[in-house]
file final28.txt (compact mmCIF, C-alpha atoms)
# COMPACT_ATOMS: atom_id res chain seq x y z
CA MET K 1 82.27 187.01 64.38
CA PRO K 2 81.61 183.77 66.26
CA ALA K 3 82.01 183.83 70.03
CA GLU K 4 84.56 181.01 70.06
CA THR K 5 87.78 181.10 72.02
CA LEU K 6 90.66 182.44 69.97
CA ILE K 7 94.16 181.30 70.98
CA LEU K 8 97.01 183.54 69.81
CA VAL K 9 100.48 182.00 69.71
CA PRO K 10 103.50 184.33 69.87
CA GLY K 11 106.71 183.69 67.99
CA LEU K 12 110.37 183.58 68.90
CA LEU K 13 111.09 185.83 71.93
CA CYS K 14 107.62 187.35 71.63
CA ASP K 15 104.97 187.66 74.31
CA GLU K 16 101.53 189.27 74.65
CA ALA K 17 102.92 192.53 73.25
CA VAL K 18 103.10 191.16 69.71
CA TRP K 19 99.32 190.69 69.74
CA GLN K 20 98.37 193.71 71.86
CA PRO K 21 97.96 196.15 68.92
CA LEU K 22 95.37 193.80 67.36
CA LEU K 23 93.13 193.32 70.38
CA PRO K 24 90.96 196.44 69.90
CA GLY K 25 90.11 195.22 66.41
CA LEU K 26 89.22 191.76 67.71
CA SER K 27 86.89 192.91 70.48
CA GLY K 28 83.98 190.89 69.06
CA ALA K 29 85.95 187.66 68.75
CA GLY K 30 84.90 186.15 72.08
CA ALA K 31 87.40 184.96 74.65
CA ILE K 32 91.07 185.40 73.72
CA GLN K 33 93.94 183.40 75.19
CA ILE K 34 97.61 184.21 74.50
CA ALA K 35 99.98 181.28 74.78
CA ARG K 36 103.19 181.42 76.77
CA HIS K 37 106.12 179.17 75.86
CA GLY K 38 108.34 179.79 78.89
CA GLY K 39 111.50 177.72 78.73
CA LEU K 40 110.07 174.89 76.62
CA ASP K 41 112.61 173.65 74.08
CA SER K 42 110.50 171.83 71.50
CA LEU K 43 107.61 172.89 69.30
CA GLY K 44 105.78 169.72 70.31
CA ALA K 45 106.02 170.60 74.00
CA MET K 46 104.70 174.08 73.25
CA ALA K 47 101.77 172.56 71.36
CA GLU K 48 100.99 170.14 74.18
CA ALA K 49 100.98 173.02 76.68
CA ILE K 50 98.46 174.91 74.55
CA LEU K 51 96.21 171.86 74.24
CA ALA K 52 96.35 171.26 77.98
CA GLY K 53 94.98 174.73 78.71
CA ALA K 54 92.60 175.12 75.77
CA PRO K 55 88.83 174.60 75.65
CA PRO K 56 87.49 171.57 73.74
CA ARG K 57 87.32 173.58 70.48
CA PHE K 58 89.02 176.83 69.56
CA ALA K 59 90.30 179.04 66.76
CA LEU K 60 94.08 179.23 66.52
CA ALA K 61 96.43 181.89 65.14
CA GLY K 62 100.21 181.77 65.31
CA HIS K 63 102.86 184.30 64.31
CA SER K 64 106.40 183.35 63.23
CA MET K 65 107.53 180.42 65.41
CA GLY K 66 103.99 180.50 66.78
CA GLY K 67 102.68 179.52 63.35
CA ARG K 68 104.86 176.43 63.46
CA VAL K 69 103.52 175.68 66.95
CA ALA K 70 99.98 176.10 65.60
CA LEU K 71 100.72 173.47 62.96
CA GLU K 72 101.91 171.15 65.73
CA VAL K 73 98.65 171.73 67.61
CA TYR K 74 96.66 170.92 64.48
CA ALA K 75 98.73 167.81 63.80
CA ARG K 76 97.93 166.51 67.29
CA ALA K 77 94.28 167.50 67.62
CA PRO K 78 92.69 168.58 64.31
CA GLU K 79 89.22 167.86 65.66
CA ARG K 80 89.65 170.61 68.29
CA VAL K 81 90.73 173.40 65.92
CA THR K 82 87.85 175.27 64.26
CA ARG K 83 90.03 177.54 62.10
CA LEU K 84 93.72 178.24 61.61
CA ALA K 85 95.74 181.39 60.87
CA LEU K 86 99.45 181.21 59.98
CA LEU K 87 101.25 184.57 60.03
CA ASP K 88 104.81 185.22 58.82
CA THR K 89 105.84 181.64 59.39
CA GLY K 90 106.98 178.43 57.74
CA TYR K 91 106.30 174.71 57.59
CA GLU K 92 109.48 173.00 56.40
CA GLY K 93 112.17 171.44 58.57
CA LEU K 94 115.74 172.63 58.80
CA ALA K 95 117.28 172.48 55.34
CA ALA K 96 119.98 169.93 54.66
CA GLY K 97 123.54 170.87 53.84
CA VAL K 98 124.90 174.39 53.55
CA ALA K 99 121.54 176.13 53.87
CA GLY K 100 120.77 174.44 57.16
CA GLU K 101 124.23 175.14 58.52
CA ARG K 102 123.87 178.79 57.53
CA GLU K 103 120.61 179.03 59.49
CA ARG K 104 122.13 177.28 62.50
CA ASP K 105 125.20 179.52 62.47
CA GLY K 106 123.06 182.65 62.15
CA ARG K 107 120.88 181.72 65.10
CA LEU K 108 123.86 180.77 67.26
CA ARG K 109 125.59 184.05 66.36
CA LEU K 110 122.59 185.94 67.75
CA LEU K 111 122.58 183.76 70.85
CA GLY K 112 126.22 184.64 71.37
CA ILE K 113 125.38 188.36 71.23
CA ALA K 114 122.55 187.82 73.72
CA ARG K 115 124.85 186.06 76.15
CA HIS K 116 127.69 188.55 75.80
CA ASP K 117 125.93 191.90 75.33
CA GLY K 118 122.37 191.29 76.50
CA MET K 119 119.01 190.71 74.90
CA ARG K 120 118.35 194.27 73.77
CA ALA K 121 121.69 194.44 71.98
CA MET K 122 120.84 191.18 70.22
CA GLY K 123 117.39 192.58 69.37
CA GLN K 124 118.91 195.67 67.73
CA ASP K 125 120.98 193.40 65.48
CA TRP K 126 118.10 191.03 64.78
CA ALA K 127 115.54 193.77 64.04
CA ARG K 128 117.45 194.93 60.97
CA GLY K 129 116.20 191.85 59.14
CA MET K 130 112.83 191.57 60.89
CA VAL K 131 111.23 194.99 60.43
CA HIS K 132 110.41 196.90 57.26
CA PRO K 133 113.41 199.19 56.57
CA ALA K 134 111.21 202.29 56.62
CA ARG K 135 110.08 201.45 60.18
CA LEU K 136 113.52 201.06 61.73
CA SER K 137 113.41 204.77 62.59
CA ASP K 138 109.94 204.45 64.20
CA ALA K 139 111.00 204.90 67.83
CA PRO K 140 107.75 203.70 69.51
CA LEU K 141 107.59 200.57 67.35
CA MET K 142 111.23 199.71 67.86
CA GLU K 143 111.06 200.32 71.60
CA ALA K 144 108.03 198.02 71.86
CA ILE K 145 109.92 195.27 70.01
CA LEU K 146 113.15 195.72 71.96
CA ALA K 147 111.33 195.88 75.30
CA MET K 148 109.54 192.64 74.43
CA ILE K 149 112.81 190.93 73.54
CA GLY K 150 114.37 192.32 76.71
CA ARG K 151 111.72 190.62 78.86
CA ALA K 152 113.15 187.27 77.77
CA ASP K 153 116.62 186.06 78.64
CA ALA K 154 119.40 184.11 76.95
CA ALA K 155 118.21 180.81 78.48
CA ILE K 156 114.76 181.22 76.90
CA PHE K 157 116.38 182.25 73.62
CA ASP K 158 118.58 179.14 73.73
CA ALA K 159 115.58 176.88 74.39
CA GLN K 160 113.55 178.38 71.55
CA ILE K 161 116.48 178.19 69.13
CA ARG K 162 116.85 174.49 69.95
CA ALA K 163 113.12 174.06 69.31
CA LEU K 164 113.40 175.70 65.91
CA LEU K 165 116.54 173.87 64.82
CA ALA K 166 114.84 170.55 65.69
CA ARG K 167 111.53 171.52 64.09
CA PRO K 168 109.58 168.83 62.24
CA ASP K 169 108.78 169.17 58.56
CA ARG K 170 105.01 169.64 58.21
CA SER K 171 104.85 169.73 54.41
CA THR K 172 102.63 166.66 54.26
CA LEU K 173 100.22 168.10 56.83
CA LEU K 174 99.18 171.08 54.71
CA ALA K 175 96.93 169.16 52.30
CA ALA K 176 95.10 167.59 55.26
CA ILE K 177 94.10 170.91 56.85
CA ALA K 178 90.31 170.97 56.67
CA VAL K 179 89.33 174.19 58.46
CA PRO K 180 89.15 177.80 57.24
CA THR K 181 92.78 178.86 57.02
CA LEU K 182 94.36 182.29 56.68
CA VAL K 183 97.94 182.53 55.43
CA LEU K 184 99.28 186.04 56.00
CA CYS K 185 102.65 187.65 55.33
CA GLY K 186 104.24 191.06 55.41
CA HIS K 187 105.10 191.92 51.82
CA GLU K 188 108.72 192.71 52.71
CA ASP K 189 109.21 189.86 55.17
CA SER K 190 112.80 188.86 54.45
CA TRP K 191 112.88 186.23 57.22
CA SER K 192 109.92 184.21 55.95
CA PRO K 193 109.19 185.58 52.48
CA LEU K 194 105.91 185.95 50.65
CA ALA K 195 106.84 183.25 48.12
CA ARG K 196 106.94 180.69 50.93
CA HIS K 197 103.47 181.74 52.03
CA ARG K 198 102.13 181.45 48.49
CA ALA K 199 103.49 177.90 48.37
CA MET K 200 101.91 177.15 51.73
CA ALA K 201 98.54 178.58 50.71
CA ASP K 202 98.61 176.62 47.45
CA GLN K 203 98.84 173.39 49.45
CA ILE K 204 96.10 174.13 52.03
CA PRO K 205 92.64 173.49 50.53
CA GLY K 206 90.50 176.63 50.40
CA SER K 207 93.00 178.80 52.26
CA VAL K 208 93.13 182.58 51.86
CA LEU K 209 96.46 184.35 51.29
CA VAL K 210 96.77 187.94 52.54
CA ASP K 211 99.77 190.09 51.56
CA ILE K 212 100.28 192.94 54.05
CA ALA K 213 101.76 195.99 52.34
CA ASP K 214 104.57 198.02 53.91
CA SER K 215 105.40 195.36 56.47
CA GLY K 216 108.26 193.09 57.37
CA HIS K 217 108.20 190.00 59.56
CA MET K 218 106.59 191.69 62.56
CA SER K 219 103.30 192.39 60.77
CA PRO K 220 101.02 192.34 63.86
CA MET K 221 103.06 195.21 65.35
CA GLU K 222 103.97 196.97 62.09
CA GLN K 223 100.52 196.99 60.46
CA PRO K 224 97.98 196.07 63.16
CA ALA K 225 94.94 197.57 61.40
CA ALA K 226 95.49 195.51 58.24
CA VAL K 227 96.29 192.33 60.17
CA SER K 228 93.30 192.65 62.50
CA ALA K 229 91.03 193.24 59.49
CA ALA K 230 92.31 190.03 57.91
CA LEU K 231 91.75 188.14 61.16
CA ARG K 232 88.20 189.49 61.46
CA ASP K 233 87.40 188.23 57.95
CA TRP K 234 88.89 184.84 58.83
CA LEU K 235 86.88 184.62 62.05
CA ALA K 236 83.71 185.52 60.18
CA ASP K 237 84.07 182.60 57.75
CA ALA K 238 80.93 180.62 58.59
CA SER K 239 82.36 177.41 57.12
CA GLY K 240 84.33 176.97 60.32
CA GLN K 241 81.22 176.51 62.43
CA ALA K 242 80.44 173.08 63.86
call {"tool": "encode", "arguments": {"input": "final28.txt", "output": "C-alpha cells"}}
result
Amino acid sequence: MPAETLILVPGLLCDEAVWQPLLPGLSGAGAIQIARHGGLDSLGAMAEAILAGAPPRFALAGHSMGGRVALEVYARAPERVTRLALLDTGYEGLAAGVAGERERDGRLRLLGIARHDGMRAMGQDWARGMVHPARLSDAPLMEAILAMIGRADAAIFDAQIRALLARPDRSTLLAAIAVPTLVLCGHEDSWSPLARHRAMADQIPGSVLVDIADSGHMSPMEQPAAVSAALRDWLADASGQA
C-alpha cells in the first residue's frame, strides 16, 4: 500500500471508535488522520475543517454522513484527493414532498428522545434500524456503538441533523470523480441500501462496488475484517499514484 496520508471521516454521532476495529488491518497504510466534526452544522463546514488540517494530497474515506462530507471535500479540492472511499452513504439531497418530510420527522423524533431521555436511550432506538438484526444481541458490539453515541450530546446531534437536512445534492459530481473510488455497503443496510450504492457506483467512472455480507449500516464495526480488506485493495490501486 502507498505511504500516503489516509483521512477517515466518521458519520453521524460517530467518532474514532467507528474506525478503530479497522486500524490493525490498515497498519501499512501510512499516516492515518480521523476527522472530528465537533458542533459544526453544515457538511461544507466539516469539509473545510478537514481541508484546513490535511496534507497537500491525501486518500479519503468516509462512512455514512462522513461519505457525504468526503464528497464535499472532493467537490472543493479534487486535485488534493488521491483516492476516495464512500461507505454506507448517499449523494442526493433531501427528497421533495412527503419523502423529505418523513425523513425530517424521523430525525427530529430521535432528537426529541435524545433531549428527553438521553443519548444512549436514543441510540437504542436508532440502532434497531442501523445494525444487522442478528447483531442486535451482540453485547460488545452494541455497547461500543451506544458508548460512542453517548460521548456526543443533544447539541451535537442537533447540529449534525441540521447539516444533513440541508445537505447539497451531489448527483452531478459523481461523473466527474477521477480517482480510484471504492463504494462499499453492508448488504442489509436499511438506512442507505445497496441499490443506492449500485446507482452511485454506476455513475463514478471506474469505481469498485463492494457488498459486505451479514452487515447493516455500521459495516466498519460489524464486519471490520471484510471492510479493512476492501480498503487495503483500494489503497493498493496504483492508478491513484501521482
call {"tool": "closest_residue", "arguments": {"input": "final28.txt", "among": "K:Leu235, K:Ala225, K:Leu165, K:Val179", "to": "Gly100 (chain K)", "atoms": "only C-alpha atoms"}}
result
K:Leu165
call {"tool": "residues_around", "arguments": {"input": "final28.txt", "residues": "Ile50 (chain K)", "least_positions_apart": "2", "cutoff": "9 Å", "atoms": "all atoms listed in the file", "output": "number ranges by chain"}}
result
K: 7, 9, 35-37, 45-48, 52-54, 73
call {"tool": "residues_around", "arguments": {"input": "final28.txt", "residues": "Pro10 (chain K)", "least_positions_apart": "3", "cutoff": "9 Å", "atoms": "all atoms listed in the file", "output": "JSON, numbers by chain"}}
result
{"K": [13, 14, 15, 16, 17, 18, 19, 34, 35, 36, 37, 61, 62, 63, 64, 65, 66, 67]}
call {"tool": "write_last_selection", "arguments": {"input": "final28.txt", "atoms": "C-alpha atoms", "output": "short mmCIF file (atom, residue, chain, number, x, y, z; two decimals), in the frame of the given file"}}
result
data_model
loop_
_atom_site.label_atom_id
_atom_site.label_comp_id
_atom_site.auth_asym_id
_atom_site.auth_seq_id
_atom_site.Cartn_x
_atom_site.Cartn_y
_atom_site.Cartn_z
CA LEU K 13 111.09 185.83 71.93
CA CYS K 14 107.62 187.35 71.63
CA ASP K 15 104.97 187.66 74.31
CA GLU K 16 101.53 189.27 74.65
CA ALA K 17 102.92 192.53 73.25
CA VAL K 18 103.10 191.16 69.71
CA TRP K 19 99.32 190.69 69.74
CA ILE K 34 97.61 184.21 74.50
CA ALA K 35 99.98 181.28 74.78
CA ARG K 36 103.19 181.42 76.77
CA HIS K 37 106.12 179.17 75.86
CA ALA K 61 96.43 181.89 65.14
CA GLY K 62 100.21 181.77 65.31
CA HIS K 63 102.86 184.30 64.31
CA SER K 64 106.40 183.35 63.23
CA MET K 65 107.53 180.42 65.41
CA GLY K 66 103.99 180.50 66.78
CA GLY K 67 102.68 179.52 63.35
#
call {"tool": "closest_residue", "arguments": {"input": "final28.txt", "among": "K:Ile161, K:Ile32, K:Val69, K:Leu43", "to": "Gly106 (chain K)", "atoms": "only C-alpha atoms"}}
result
K:Ile161
call {"tool": "atom_distance", "arguments": {"input": "final28.txt", "atom1": "CA of Arg109 (chain K)", "atom2": "CA of Met130 (chain K)"}}
result
15.8 Å
call {"tool": "residues_around", "arguments": {"input": "final28.txt", "residues": "Leu84 (chain K)", "least_positions_apart": "2", "cutoff": "9 Å", "atoms": "only C-alpha atoms", "output": "PyMOL selection string"}}
result
chain K and resi 59-62+70-71+74+81-82+86+177+179-183+234
call {"tool": "residues_near_point", "arguments": {"input": "final28.txt", "point": "(91.6, 183.6, 48.2)", "cutoff": "12 Å", "atoms": "only C-alpha atoms", "output": "PyMOL selection string"}}
result
chain K and resi 180-184+198+201-202+204-211+230+233-234
call {"tool": "closest_residue", "arguments": {"input": "final28.txt", "among": "K:Ala154, K:Met200, K:Leu231, K:Ala31", "to": "Thr172 (chain K)", "atoms": "all atoms listed in the file"}}
result
K:Met200
call {"tool": "atom_distance", "arguments": {"input": "final28.txt", "atom1": "CA of Val131 (chain K)", "atom2": "CA of Met218 (chain K)"}}
result
6.1 Å
call {"tool": "residues_near_point", "arguments": {"input": "final28.txt", "point": "(115.9, 194.1, 65.7)", "cutoff": "12 Å", "atoms": "only C-alpha atoms", "output": "JSON, numbers by chain"}}
result
{"K": [13, 110, 119, 120, 121, 122, 123, 124, 125, 126, 127, 128, 129, 130, 131, 132, 133, 135, 136, 137, 141, 142, 143, 144, 145, 146, 147, 148, 149, 150, 191, 216, 217, 218]}
call {"tool": "atom_distance", "arguments": {"input": "final28.txt", "atom1": "CA of Leu94 (chain K)", "atom2": "CA of Asp214 (chain K)"}}
result
28.2 Å
call {"tool": "axis_aligned_box", "arguments": {"input": "final28.txt", "around": "region 190-205 of chain K", "padding_each_side": "4 Å", "output": "JSON"}}
result
{"center_x": 102.8, "center_y": 181.1, "center_z": 52.3, "size_x": 28.2, "size_y": 23.5, "size_z": 17.8}
call {"tool": "closest_residue", "arguments": {"input": "final28.txt", "among": "K:Leu12, K:Ala176, K:Gly90, K:Pro24", "to": "Ala195 (chain K)", "atoms": "all atoms listed in the file"}}
result
K:Gly90
call {"tool": "closest_residue", "arguments": {"input": "final28.txt", "among": "K:Thr89, K:Gln33, K:Ser192, K:Ser42", "to": "Asp158 (chain K)", "atoms": "all atoms listed in the file"}}
result
K:Ser42
call {"tool": "build_atoms", "arguments": {"input": "final28.txt", "residues": "region 198-220 of chain K", "atoms": "N, CA and C atoms", "output": "JSON list (two decimals), in the frame of the given file"}}
result
[["chain", "number", "residue", "atom", "x", "y", "z"],
["K", 198, "ARG", "N", 102.92, 181.85, 49.67],
["K", 198, "ARG", "CA", 102.13, 181.45, 48.49],
["K", 198, "ARG", "C", 102.18, 179.94, 48.32],
["K", 199, "ALA", "N", 103.37, 179.35, 48.49],
["K", 199, "ALA", "CA", 103.49, 177.90, 48.37],
["K", 199, "ALA", "C", 102.68, 177.20, 49.44],
["K", 200, "MET", "N", 102.68, 177.73, 50.64],
["K", 200, "MET", "CA", 101.91, 177.15, 51.73],
["K", 200, "MET", "C", 100.42, 177.23, 51.43],
["K", 201, "ALA", "N", 99.96, 178.41, 51.01],
["K", 201, "ALA", "CA", 98.54, 178.58, 50.71],
["K", 201, "ALA", "C", 98.10, 177.68, 49.57],
["K", 202, "ASP", "N", 98.96, 177.49, 48.58],
["K", 202, "ASP", "CA", 98.61, 176.62, 47.45],
["K", 202, "ASP", "C", 98.37, 175.18, 47.88],
["K", 203, "GLN", "N", 98.97, 174.77, 49.00],
["K", 203, "GLN", "CA", 98.84, 173.39, 49.45],
["K", 203, "GLN", "C", 97.73, 173.17, 50.47],
["K", 204, "ILE", "N", 97.17, 174.26, 51.02],
["K", 204, "ILE", "CA", 96.10, 174.13, 52.03],
["K", 204, "ILE", "C", 94.77, 174.36, 51.34],
["K", 205, "PRO", "N", 93.91, 173.35, 51.27],
["K", 205, "PRO", "CA", 92.64, 173.49, 50.53],
["K", 205, "PRO", "C", 91.81, 174.67, 51.03],
["K", 206, "GLY", "N", 91.41, 175.53, 50.08],
["K", 206, "GLY", "CA", 90.50, 176.63, 50.40],
["K", 206, "GLY", "C", 91.09, 177.74, 51.23],
["K", 207, "SER", "N", 92.40, 177.76, 51.42],
["K", 207, "SER", "CA", 93.00, 178.80, 52.26],
["K", 207, "SER", "C", 92.97, 180.15, 51.56],
["K", 208, "VAL", "N", 93.10, 181.21, 52.36],
["K", 208, "VAL", "CA", 93.13, 182.58, 51.86],
["K", 208, "VAL", "C", 94.51, 183.16, 52.15],
["K", 209, "LEU", "N", 95.15, 183.71, 51.13],
["K", 209, "LEU", "CA", 96.46, 184.35, 51.29],
["K", 209, "LEU", "C", 96.26, 185.85, 51.36],
["K", 210, "VAL", "N", 96.83, 186.49, 52.39],
["K", 210, "VAL", "CA", 96.77, 187.94, 52.54],
["K", 210, "VAL", "C", 98.20, 188.49, 52.59],
["K", 211, "ASP", "N", 98.46, 189.43, 51.70],
["K", 211, "ASP", "CA", 99.77, 190.09, 51.56],
["K", 211, "ASP", "C", 99.64, 191.47, 52.22],
["K", 212, "ILE", "N", 100.37, 191.69, 53.31],
["K", 212, "ILE", "CA", 100.28, 192.94, 54.05],
["K", 212, "ILE", "C", 101.32, 193.92, 53.53],
["K", 213, "ALA", "N", 100.85, 195.01, 52.93],
["K", 213, "ALA", "CA", 101.76, 195.99, 52.34],
["K", 213, "ALA", "C", 102.55, 196.72, 53.42],
["K", 214, "ASP", "N", 103.74, 197.18, 53.04],
["K", 214, "ASP", "CA", 104.57, 198.02, 53.91],
["K", 214, "ASP", "C", 104.84, 197.36, 55.26],
["K", 215, "SER", "N", 105.14, 196.09, 55.24],
["K", 215, "SER", "CA", 105.40, 195.36, 56.47],
["K", 215, "SER", "C", 106.50, 194.34, 56.27],
["K", 216, "GLY", "N", 107.30, 194.17, 57.32],
["K", 216, "GLY", "CA", 108.26, 193.09, 57.37],
["K", 216, "GLY", "C", 107.70, 191.92, 58.14],
["K", 217, "HIS", "N", 108.58, 191.23, 58.86],
["K", 217, "HIS", "CA", 108.20, 190.00, 59.56],
["K", 217, "HIS", "C", 107.28, 190.25, 60.74],
["K", 218, "MET", "N", 107.36, 191.41, 61.36],
["K", 218, "MET", "CA", 106.59, 191.69, 62.56],
["K", 218, "MET", "C", 105.25, 192.35, 62.21],
["K", 219, "SER", "N", 104.52, 191.76, 61.29],
["K", 219, "SER", "CA", 103.30, 192.39, 60.77],
["K", 219, "SER", "C", 102.27, 192.74, 61.83],
["K", 220, "PRO", "N", 102.04, 191.92, 62.89],
["K", 220, "PRO", "CA", 101.02, 192.34, 63.86],
["K", 220, "PRO", "C", 101.36, 193.65, 64.57]]
